[in-house]
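Q: Pasting in a structure now, in structure tokens, and then I'll have a few things to ask.
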Amino acid sequence: MSIPTADSAAGQAVKAADRAHVFHSWSAQALIDPLAVAGAEGSYFWDYEGNRYLDFSSQLVNTNIGHQHPKVVAAIQEQAAKLCTIAPGFAVESRSEAARLIAERTPGDLDKIFFTNGGAEAVENAIRMARLHTGRQKVMSTYRSYHGATANAIALTGDPRRWANETGVSGIVHFWGPYAYRSPFHSENEAQECERALAHLEETIAFEGPHTVAAVILETVVGTAGILVPPAGYLAGVREICDRYGIVFILDEVMAGFGRTGEWFAADNWGVVPDLLTFAKGVNSGYVPLGGVAISPAIAATFAERPFPGGLTYSGHPLACASAVATINAMAEEGIVENAKRIGEDVLGPGLRDLAERHPSIGEVRGLGVFWALDLVKNRETREPLVPYNAAGAANAPMAELAAACKQRGLWPFVNMNRFHVVPPCTVTEEEAKTGLAVLDEVLSLTDAHTV
């Protein structure tokens with residue numbers, strides 16, 4: 001891998017233009033200092049000073065096939081030369097082939113694909129489908145969740161980004177999902193957590209009125225809110241409850257799908273088939289914006305003679321779909337999903353558990369594939385988080401210090417609240433994974449200093 005010669009002047013110009021004109025998401029504009037990125041390849045990206053970073057964040061947990069995969073870059077170039085854009089109402093090769101390849105891999109009989117420009121729009125349209133299919137309005141989601149930043153998606157979201165966006169009249173109902181390490185049900189083990197979480201969900205449905213609930217939406221494995229792997233039997237239990245009350249079951253696989261958990265879709269780990277499945281991110285590693293909804297036959301039939309009242313100008317964009325086709329084919333040909341599974345089982349899982357033996361600030365290690373989190377604590381006995389929920393400023397100093405130390409050592413981290421997420425590309429090599437673990441071993445001494 002070659003890194004271009006350092007060019008400080010170019011980097012300063014990029015940064016100056018950014019600071020003058022770019023309005024960044026989720027940020028207080030005067031308080032941020034964006035890194036000027038000069039290039040990327042595989043599991044690495046670099047700045048204009050020649051500093052290289054091992055991407056243990058996969059950007060926003062989306063570059064599943066790594067940066068600048070040559071087959072995907074070539075497919076985008078080829079499609080651009082052939083047909084850059086066309087309206088969604090036409091049948092075009094890249095869109096049809098992308099839909100076919102996705103449908104081949106989705107769980108069960110989810111064979112119809114509605115394309116969007118990203119994950120939030122996928123969730124938005126899945127909710128619209130569920131409401132129209134059932135004739136009901138309420139949608140239920142967990143507190144520990146993130147579903148996107150559009151109107152319904154942010155209302156469904158459980159984390160604090162929802163607070164500033166709430167209208168209070170969205171028809172969204174939140175409930176507690178399973179999280180055995182910090183159980184809201186005072187469970188003593190995973191089996192008990194599963195049983196009590198399912199009972200809580202069914203009771204909430206009863207009090208809301210089952211006839212008013214259109215859908216239950218879950219991240220198959222909760223992503224940004226903690227890499228929470230559901231206990232055995234939970235997803236099957238939710239499926240049964242939804243079937244009993246005529247509720248649409250939606251799985252949000254925007255982050256967990258396309259190899260992240262070591263399977264094509266996270267639902268495959270438990271053999272559960274939803275009515276609707278949302279995807280984005282890993283479908284083409286974000287090379288061109290793309291998302292979508294995989295639809296069951298029953299819901300598709302609702303709109304056989306009745307128009308679906310939704311659409312996007314760039315839905316199923318030819319360049320995005322061509323990149324998805326190349327991505328899926330590369331993942332299949334190169335065993336990328338299998339690599340993610342092997343790295344999780346043989347390197348990341350054992351390596352992170354080994355770190356937990358040496359670092360008292362690690363309260364719990366959880367995950368699968370290339371989708372892991374360290375739950376960092378002040379005290380292992382009490383499980384008090386290293387920083388308070390939604391901490392900012394001085395209260396968040398231990399996590400900010402940890403992230404800064406990683407960057408200084410060439411590891412780009414993903415930190416959220418009191419957690420360190422280990423989410424490299426699905427293409428990460430054993431050597432790269434071990435390099436990242438070695439940096440973590442070094443910097444966790446900083447969080448250990450805050451334990452009691």
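Going through the structure tokens in order, the chains are called A, B, and so on, while each chain numbers its residues from 1 and the ligands are numbered from 1 in the order shown.
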What are the closest atom pairs, with distances in Å to one decimal, for each residue of region 338-435 of chain A lying within 8 Å of region 40-59 of chain A, using only C-alpha atoms, rows by chain and rising residue number, as a tab-separated table?
A:
residue	atom	partner	partner_atom	distance
A:Lys407	CA	A:Tyr53	CA	7.3
A:Gly410	CA	A:Tyr53	CA	4.5
A:Leu411	CA	A:Leu54	CA	4.8
A:Trp412	CA	A:Asp55	CA	5.0
A:Pro413	CA	A:Phe56	CA	5.4
A:Phe414	CA	A:Ser57	CA	5.0
A:His421	CA	A:Ser57	CA	7.5
A:Val422	CA	A:Phe56	CA	6.0
A:Val423	CA	A:Ser57	CA	5.2
A:Pro424	CA	A:Phe56	CA	4.2
A:Pro425	CA	A:Ser58	CA	5.5
A:Thr427	CA	A:Ser43	CA	7.6
A:Val428	CA	A:Ser43	CA	6.3
A:Glu432	CA	A:Leu54	CA	7.7
Q: For the selection just defined, write its residues with N, CA and C atoms to a file, as an mmCIF file, in the first residue's frame.
A:
data_model
loop_
_atom_site.group_PDB
_atom_site.id
_atom_site.type_symbol
_atom_site.label_atom_id
_atom_site.label_comp_id
_atom_site.auth_asym_id
_atom_site.auth_seq_id
_atom_site.Cartn_x
_atom_site.Cartn_y
_atom_site.Cartn_z
ATOM 1 N N LYS A 407 -5.914 7.540 18.269
ATOM 2 C CA LYS A 407 -5.571 8.273 17.055
ATOM 3 C C LYS A 407 -4.085 8.597 17.007
ATOM 4 N N GLY A 410 -2.268 5.732 15.597
ATOM 5 C CA GLY A 410 -2.626 5.268 14.260
ATOM 6 C C GLY A 410 -3.818 4.335 14.206
ATOM 7 N N LEU A 411 -4.667 4.358 15.230
ATOM 8 C CA LEU A 411 -5.885 3.535 15.242
ATOM 9 C C LEU A 411 -7.082 4.472 15.304
ATOM 10 N N TRP A 412 -7.974 4.380 14.293
ATOM 11 C CA TRP A 412 -9.157 5.250 14.311
ATOM 12 C C TRP A 412 -10.281 4.517 15.037
ATOM 13 N N PRO A 413 -10.758 5.087 16.169
ATOM 14 C CA PRO A 413 -11.698 4.364 17.026
ATOM 15 C C PRO A 413 -13.155 4.708 16.751
ATOM 16 N N PHE A 414 -14.042 3.881 17.295
ATOM 17 C CA PHE A 414 -15.473 4.178 17.358
ATOM 18 C C PHE A 414 -15.843 4.105 18.835
ATOM 19 N N HIS A 421 -16.294 0.474 20.508
ATOM 20 C CA HIS A 421 -16.770 -0.497 19.526
ATOM 21 C C HIS A 421 -15.615 -0.929 18.634
ATOM 22 N N VAL A 422 -15.477 -2.209 18.448
ATOM 23 C CA VAL A 422 -14.439 -2.771 17.586
ATOM 24 C C VAL A 422 -15.127 -3.259 16.312
ATOM 25 N N VAL A 423 -15.068 -2.428 15.269
ATOM 26 C CA VAL A 423 -15.863 -2.669 14.065
ATOM 27 C C VAL A 423 -15.042 -2.403 12.800
ATOM 28 N N PRO A 424 -13.965 -3.163 12.598
ATOM 29 C CA PRO A 424 -13.163 -2.991 11.382
ATOM 30 C C PRO A 424 -13.911 -3.517 10.166
ATOM 31 N N PRO A 425 -13.387 -3.296 8.970
ATOM 32 C CA PRO A 425 -14.024 -3.868 7.778
ATOM 33 C C PRO A 425 -14.098 -5.386 7.848
ATOM 34 N N THR A 427 -13.198 -7.234 5.646
ATOM 35 C CA THR A 427 -12.002 -7.694 4.942
ATOM 36 C C THR A 427 -10.751 -7.624 5.803
ATOM 37 N N VAL A 428 -10.861 -7.189 7.039
ATOM 38 C CA VAL A 428 -9.690 -7.009 7.896
ATOM 39 C C VAL A 428 -8.894 -8.313 7.981
ATOM 40 N N GLU A 432 -3.909 -7.226 10.784
ATOM 41 C CA GLU A 432 -4.479 -5.904 11.078
ATOM 42 C C GLU A 432 -5.297 -5.937 12.358
#
Q: Mind running region 4-110 of chain A against region 315-332 of chain A at 6 Å and telling me each contacting residue's nearest atom pair with the distance in Å (one decimal), counting only C-alpha atoms, chain and number ascending, as CSV?
A:
residue,atom,partner,partner_atom,distance
A:Val72,CA,A:Ala326,CA,5.2
A:Ile76,CA,A:Leu319,CA,5.7
A:Thr85,CA,A:Pro318,CA,5.7
A:Pro88,CA,A:Ser315,CA,5.8
A:Ser94,CA,A:Ala322,CA,5.0
A:Arg95,CA,A:Cys321,CA,5.3
A:Ala98,CA,A:Val325,CA,5.1
Q: Quick one: residues within 7 Å of region 243-259 of chain A, only C-alpha atoms counted, chain neighbours fewer than 2 positions away excluded, as JSON, numbers by chain?
A: {"A": [61, 62, 119, 130, 210, 213, 214, 215, 216, 217, 218, 219, 220, 221, 223, 239, 240, 241, 261, 262, 263, 264, 265, 266, 274, 275, 276, 277, 278, 279, 280, 281, 282, 283, 337, 340, 426]}
Q: Show me, as a PDB file with C-alpha atoms, in the first residue's frame, the residues that have an atom within 8 Å of Ala155 (chain A) when counting only C-alpha atoms, minus same-chain residues fewer than 5 positions from it.
A:
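Writing done, so here's selection.pdb:
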ATOM      1  CA  ARG A 162     -34.106  11.652  19.456  1.00  0.00           C
ATOM      2  CA  ASN A 165     -36.242  16.027  17.248  1.00  0.00           C
ATOM      3  CA  GLU A 166     -39.383  14.794  19.004  1.00  0.00           C
ATOM      4  CA  SER A 170     -45.483  10.419  16.229  1.00  0.00           C
ATOM      5  CA  ILE A 172     -44.101   5.737  18.456  1.00  0.00           C
TER       6      ILE A 172
END
Q: Give me, as JSON, numbers by chain, all polymer residues having an atom no more than 10 Å from region 376-378 of chain A, counting only C-alpha atoms and skipping those fewer than 6 positions away in the same chain.
A: {"A": [356, 359, 360, 361, 362, 363, 364, 365, 384, 385, 386, 387, 399, 417, 418, 419, 420, 444, 447, 448, 449, 450, 451, 452]}
Q: With N, CA and C atoms retained, write the just-selected residues as a short mmCIF file (atom, residue, chain, number, x, y, z; two decimals), in the first residue's frame.
A:
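Output file selection-v2.cif follows:
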data_model
loop_
_atom_site.label_atom_id
_atom_site.label_comp_id
_atom_site.auth_asym_id
_atom_site.auth_seq_id
_atom_site.Cartn_x
_atom_site.Cartn_y
_atom_site.Cartn_z
N ALA A 356 -9.78 -8.24 28.54
CA ALA A 356 -10.63 -8.10 29.72
C ALA A 356 -10.00 -8.74 30.95
N HIS A 359 -7.44 -5.85 32.02
CA HIS A 359 -7.84 -4.46 32.19
C HIS A 359 -9.13 -4.37 33.00
N PRO A 360 -9.05 -3.88 34.23
CA PRO A 360 -10.23 -3.82 35.10
C PRO A 360 -11.31 -2.86 34.62
N SER A 361 -10.98 -1.99 33.65
CA SER A 361 -12.01 -1.07 33.15
C SER A 361 -12.94 -1.74 32.14
N ILE A 362 -12.64 -2.96 31.72
CA ILE A 362 -13.53 -3.69 30.81
C ILE A 362 -14.54 -4.47 31.64
N GLY A 363 -15.79 -4.04 31.59
CA GLY A 363 -16.84 -4.73 32.33
C GLY A 363 -17.38 -5.93 31.58
N GLU A 364 -17.59 -5.76 30.27
CA GLU A 364 -18.12 -6.86 29.47
C GLU A 364 -17.58 -6.75 28.04
N VAL A 365 -17.33 -7.90 27.44
CA VAL A 365 -17.00 -8.03 26.02
C VAL A 365 -18.18 -8.71 25.35
N GLU A 384 -20.80 0.19 37.37
CA GLU A 384 -21.00 1.62 37.10
C GLU A 384 -20.27 1.99 35.82
N PRO A 385 -20.95 2.60 34.85
CA PRO A 385 -20.28 2.96 33.60
C PRO A 385 -19.10 3.91 33.83
N LEU A 386 -18.11 3.81 32.96
CA LEU A 386 -16.93 4.66 33.08
C LEU A 386 -17.29 6.14 33.02
N VAL A 387 -18.27 6.48 32.18
CA VAL A 387 -18.80 7.85 32.12
C VAL A 387 -20.31 7.76 32.19
N MET A 399 -13.33 8.93 28.13
CA MET A 399 -13.55 8.36 26.80
C MET A 399 -12.87 9.20 25.72
N MET A 417 -20.58 6.87 24.23
CA MET A 417 -20.84 6.86 25.67
C MET A 417 -19.71 6.12 26.39
N ASN A 418 -20.02 5.04 27.12
CA ASN A 418 -18.97 4.35 27.88
C ASN A 418 -18.45 3.12 27.14
N ARG A 419 -18.64 3.08 25.83
CA ARG A 419 -18.28 1.87 25.08
C ARG A 419 -17.24 2.16 24.01
N PHE A 420 -16.39 1.18 23.80
CA PHE A 420 -15.45 1.18 22.68
C PHE A 420 -15.90 0.09 21.74
N LEU A 444 -5.76 1.15 26.97
CA LEU A 444 -6.73 0.87 28.03
C LEU A 444 -6.16 1.11 29.42
N THR A 447 -7.99 4.11 30.78
CA THR A 447 -9.29 3.92 31.42
C THR A 447 -9.15 3.13 32.72
N ASP A 448 -8.16 2.24 32.79
CA ASP A 448 -7.94 1.51 34.04
C ASP A 448 -7.66 2.47 35.19
N ALA A 449 -7.02 3.61 34.87
CA ALA A 449 -6.67 4.58 35.91
C ALA A 449 -7.90 5.22 36.54
N HIS A 450 -9.05 5.09 35.89
CA HIS A 450 -10.29 5.67 36.44
C HIS A 450 -11.11 4.67 37.22
N THR A 451 -10.63 3.43 37.34
CA THR A 451 -11.41 2.42 38.06
C THR A 451 -11.17 2.49 39.56
N VAL A 452 -12.12 1.97 40.29
CA VAL A 452 -12.01 1.93 41.76
C VAL A 452 -12.32 0.52 42.24
#
Q: What is the CA of Val238 (chain A) to CA of Gly369 (chain A) distance in Å?
A: 23.4 Å
Q: Compare A:Gln77, A:Thr382, A:Asn284, A:Ser141 by their minimum atom-to-atom distance to Leu201 (chain A), counting only C-alpha atoms, and give me the closest one.
A: A:Ser141
Q: Could you give me, as number ranges by chain, each residue of region 138-265 of chain A that DSSP assigns to helix (DSSP H, G or I) when run on this structure's backbone?
A: A: 151-156, 160-165, 180-182, 190-208, 210-212, 234-245
Q: Let me see the file: selected residues, N, CA and C atoms, as a compact mmCIF listing (two decimals), in the first residue's frame.
A:
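Output below, filename selection32.txt:
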# COMPACT_ATOMS: atom_id res chain seq x y z
N ALA A 151 -37.88 11.79 9.87
CA ALA A 151 -38.92 12.07 10.87
C ALA A 151 -39.34 10.85 11.69
N ASN A 152 -39.82 9.80 11.04
CA ASN A 152 -40.23 8.61 11.78
C ASN A 152 -39.02 7.84 12.33
N ALA A 153 -37.94 7.80 11.57
CA ALA A 153 -36.76 7.05 12.00
C ALA A 153 -36.16 7.62 13.27
N ILE A 154 -36.10 8.93 13.39
CA ILE A 154 -35.52 9.52 14.60
C ILE A 154 -36.50 9.39 15.78
N ALA A 155 -37.79 9.40 15.50
CA ALA A 155 -38.77 9.18 16.58
C ALA A 155 -38.67 7.74 17.09
N LEU A 156 -38.38 6.80 16.21
CA LEU A 156 -38.20 5.40 16.62
C LEU A 156 -36.93 5.21 17.43
N PRO A 160 -30.19 9.46 22.77
CA PRO A 160 -30.47 10.88 23.01
C PRO A 160 -30.59 11.76 21.77
N ARG A 161 -30.16 11.28 20.62
CA ARG A 161 -30.33 12.09 19.41
C ARG A 161 -31.79 12.31 19.09
N ARG A 162 -32.66 11.49 19.66
CA ARG A 162 -34.11 11.65 19.46
C ARG A 162 -34.64 12.90 20.14
N TRP A 163 -34.09 13.23 21.29
CA TRP A 163 -34.70 14.22 22.18
C TRP A 163 -34.99 15.56 21.51
N ALA A 164 -34.02 16.08 20.77
CA ALA A 164 -34.18 17.40 20.14
C ALA A 164 -35.08 17.37 18.93
N ASN A 165 -35.47 16.17 18.48
CA ASN A 165 -36.24 16.03 17.25
C ASN A 165 -37.68 15.57 17.48
N ALA A 180 -28.66 -8.14 29.13
CA ALA A 180 -28.44 -8.90 30.36
C ALA A 180 -27.42 -8.26 31.28
N TYR A 181 -26.39 -7.60 30.73
CA TYR A 181 -25.34 -7.02 31.57
C TYR A 181 -25.87 -5.87 32.41
N ARG A 182 -26.81 -5.11 31.87
CA ARG A 182 -27.44 -4.02 32.63
C ARG A 182 -28.95 -4.21 32.59
N GLU A 190 -29.00 -14.95 30.97
CA GLU A 190 -29.53 -14.62 29.63
C GLU A 190 -30.91 -15.24 29.39
N ALA A 191 -31.10 -16.46 29.85
CA ALA A 191 -32.40 -17.11 29.65
C ALA A 191 -33.50 -16.35 30.36
N GLN A 192 -33.22 -15.92 31.56
CA GLN A 192 -34.20 -15.15 32.33
C GLN A 192 -34.44 -13.79 31.67
N GLU A 193 -33.36 -13.18 31.17
CA GLU A 193 -33.49 -11.89 30.48
C GLU A 193 -34.40 -12.02 29.26
N CYS A 194 -34.22 -13.10 28.50
CA CYS A 194 -35.06 -13.33 27.33
C CYS A 194 -36.52 -13.47 27.73
N GLU A 195 -36.78 -14.29 28.70
CA GLU A 195 -38.15 -14.54 29.14
C GLU A 195 -38.81 -13.25 29.63
N ARG A 196 -38.11 -12.49 30.45
CA ARG A 196 -38.69 -11.27 31.01
C ARG A 196 -38.84 -10.17 29.98
N ALA A 197 -37.89 -10.08 29.03
CA ALA A 197 -38.00 -9.07 27.98
C ALA A 197 -39.20 -9.35 27.09
N LEU A 198 -39.43 -10.61 26.76
CA LEU A 198 -40.59 -10.96 25.95
C LEU A 198 -41.89 -10.68 26.69
N ALA A 199 -41.93 -10.98 27.98
CA ALA A 199 -43.13 -10.70 28.78
C ALA A 199 -43.40 -9.20 28.84
N HIS A 200 -42.33 -8.41 28.98
CA HIS A 200 -42.46 -6.95 29.00
C HIS A 200 -43.01 -6.42 27.68
N LEU A 201 -42.49 -6.94 26.57
CA LEU A 201 -42.99 -6.51 25.27
C LEU A 201 -44.46 -6.84 25.11
N GLU A 202 -44.85 -8.06 25.47
CA GLU A 202 -46.25 -8.44 25.30
C GLU A 202 -47.17 -7.63 26.20
N GLU A 203 -46.70 -7.34 27.39
CA GLU A 203 -47.52 -6.52 28.31
C GLU A 203 -47.66 -5.10 27.76
N THR A 204 -46.59 -4.55 27.20
CA THR A 204 -46.66 -3.21 26.62
C THR A 204 -47.64 -3.17 25.46
N ILE A 205 -47.61 -4.19 24.63
CA ILE A 205 -48.57 -4.29 23.53
C ILE A 205 -50.00 -4.33 24.06
N ALA A 206 -50.20 -5.10 25.13
CA ALA A 206 -51.54 -5.21 25.71
C ALA A 206 -52.04 -3.85 26.20
N PHE A 207 -51.15 -3.09 26.84
CA PHE A 207 -51.57 -1.79 27.38
C PHE A 207 -51.72 -0.73 26.29
N GLU A 208 -51.02 -0.90 25.17
CA GLU A 208 -51.17 0.03 24.05
C GLU A 208 -52.41 -0.30 23.22
N PRO A 210 -53.39 -4.02 21.19
CA PRO A 210 -52.80 -4.73 20.03
C PRO A 210 -53.38 -4.29 18.70
N HIS A 211 -54.66 -3.94 18.68
CA HIS A 211 -55.31 -3.55 17.43
C HIS A 211 -54.83 -2.19 16.92
N THR A 212 -54.02 -1.48 17.74
CA THR A 212 -53.50 -0.17 17.33
C THR A 212 -52.05 -0.24 16.86
N TYR A 234 -34.90 -14.86 21.77
CA TYR A 234 -35.61 -13.58 21.85
C TYR A 234 -36.26 -13.20 20.52
N LEU A 235 -35.51 -13.22 19.44
CA LEU A 235 -36.07 -12.82 18.15
C LEU A 235 -37.20 -13.75 17.72
N ALA A 236 -37.04 -15.04 17.98
CA ALA A 236 -38.11 -15.99 17.67
C ALA A 236 -39.34 -15.69 18.51
N GLY A 237 -39.12 -15.27 19.75
CA GLY A 237 -40.24 -14.92 20.62
C GLY A 237 -40.97 -13.69 20.13
N VAL A 238 -40.23 -12.69 19.67
CA VAL A 238 -40.87 -11.49 19.11
C VAL A 238 -41.65 -11.84 17.86
N ARG A 239 -41.07 -12.71 17.03
CA ARG A 239 -41.77 -13.17 15.82
C ARG A 239 -43.12 -13.79 16.18
N GLU A 240 -43.13 -14.64 17.22
CA GLU A 240 -44.37 -15.31 17.63
C GLU A 240 -45.39 -14.32 18.17
N ILE A 241 -44.95 -13.35 18.95
CA ILE A 241 -45.87 -12.34 19.50
C ILE A 241 -46.48 -11.52 18.36
N CYS A 242 -45.65 -11.10 17.41
CA CYS A 242 -46.16 -10.33 16.28
C CYS A 242 -47.17 -11.13 15.47
N ASP A 243 -46.88 -12.40 15.24
CA ASP A 243 -47.83 -13.24 14.50
C ASP A 243 -49.16 -13.34 15.24
N ARG A 244 -49.11 -13.46 16.55
CA ARG A 244 -50.32 -13.66 17.34
C ARG A 244 -51.24 -12.45 17.29
N TYR A 245 -50.64 -11.26 17.19
CA TYR A 245 -51.45 -10.04 17.21
C TYR A 245 -51.57 -9.36 15.85
Q: Identify, on the basis of only C-alpha atoms, every residue whose closest approach to Ala122 (chain A) does not exceed 7 Å; exclude the query and any residue fewer than 3 positions from it along the same chain; express the result as a ChimeraX atom specification.
A: /A:116,118-119,125-126,278-279,291-293
Q: Could you jot down the CA of Thr134 (chain A) to CA of Glu305 (chain A) separation for me, Å, one decimal place?
A: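 Interatomic distance here is 15.9 Å.
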Q: Can you measure CA of Tyr143 (chain A) to CA of Arg380 (chain A) for me? One decimal in Å is fine.
A: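 These atoms are spaced 24.0 Å apart.
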Q: Between A:Asn64, A:Pro231, A:Trp270, A:Thr224, which residue has the minimum interatomic distance to Val370 (chain A), considering only C-alpha atoms?
A: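 Under the stated criterion, the closest residue is A:Asn64.
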Q: Step one, run DSSP on the backbone; step two, keep only residues of region 219-440 of chain A assigned to strand (DSSP E); then write them as number ranges by chain.
A: A: 219, 248-252, 276-279, 291-295, 362-368, 371-379, 384-385, 411-412, 414-416, 419-422
Q: Between A:Pro230, A:Pro297, A:Gly209, A:Gly168, which has the minimum distance to His133 (chain A) (counting only C-alpha atoms)?
A: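 The answer is A:Pro297, which sits nearest to His133 (chain A).
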Q: Can you pull out the residues contacting Asp159 (chain A)? Cut-off 8 Å, using only C-alpha atoms, and skip same-chain residues under 5 positions away; I want them as a list in words.
A: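 Here the answer would be Tyr143, Arg144, Ser145, Tyr146 and Ala225 of chain A.
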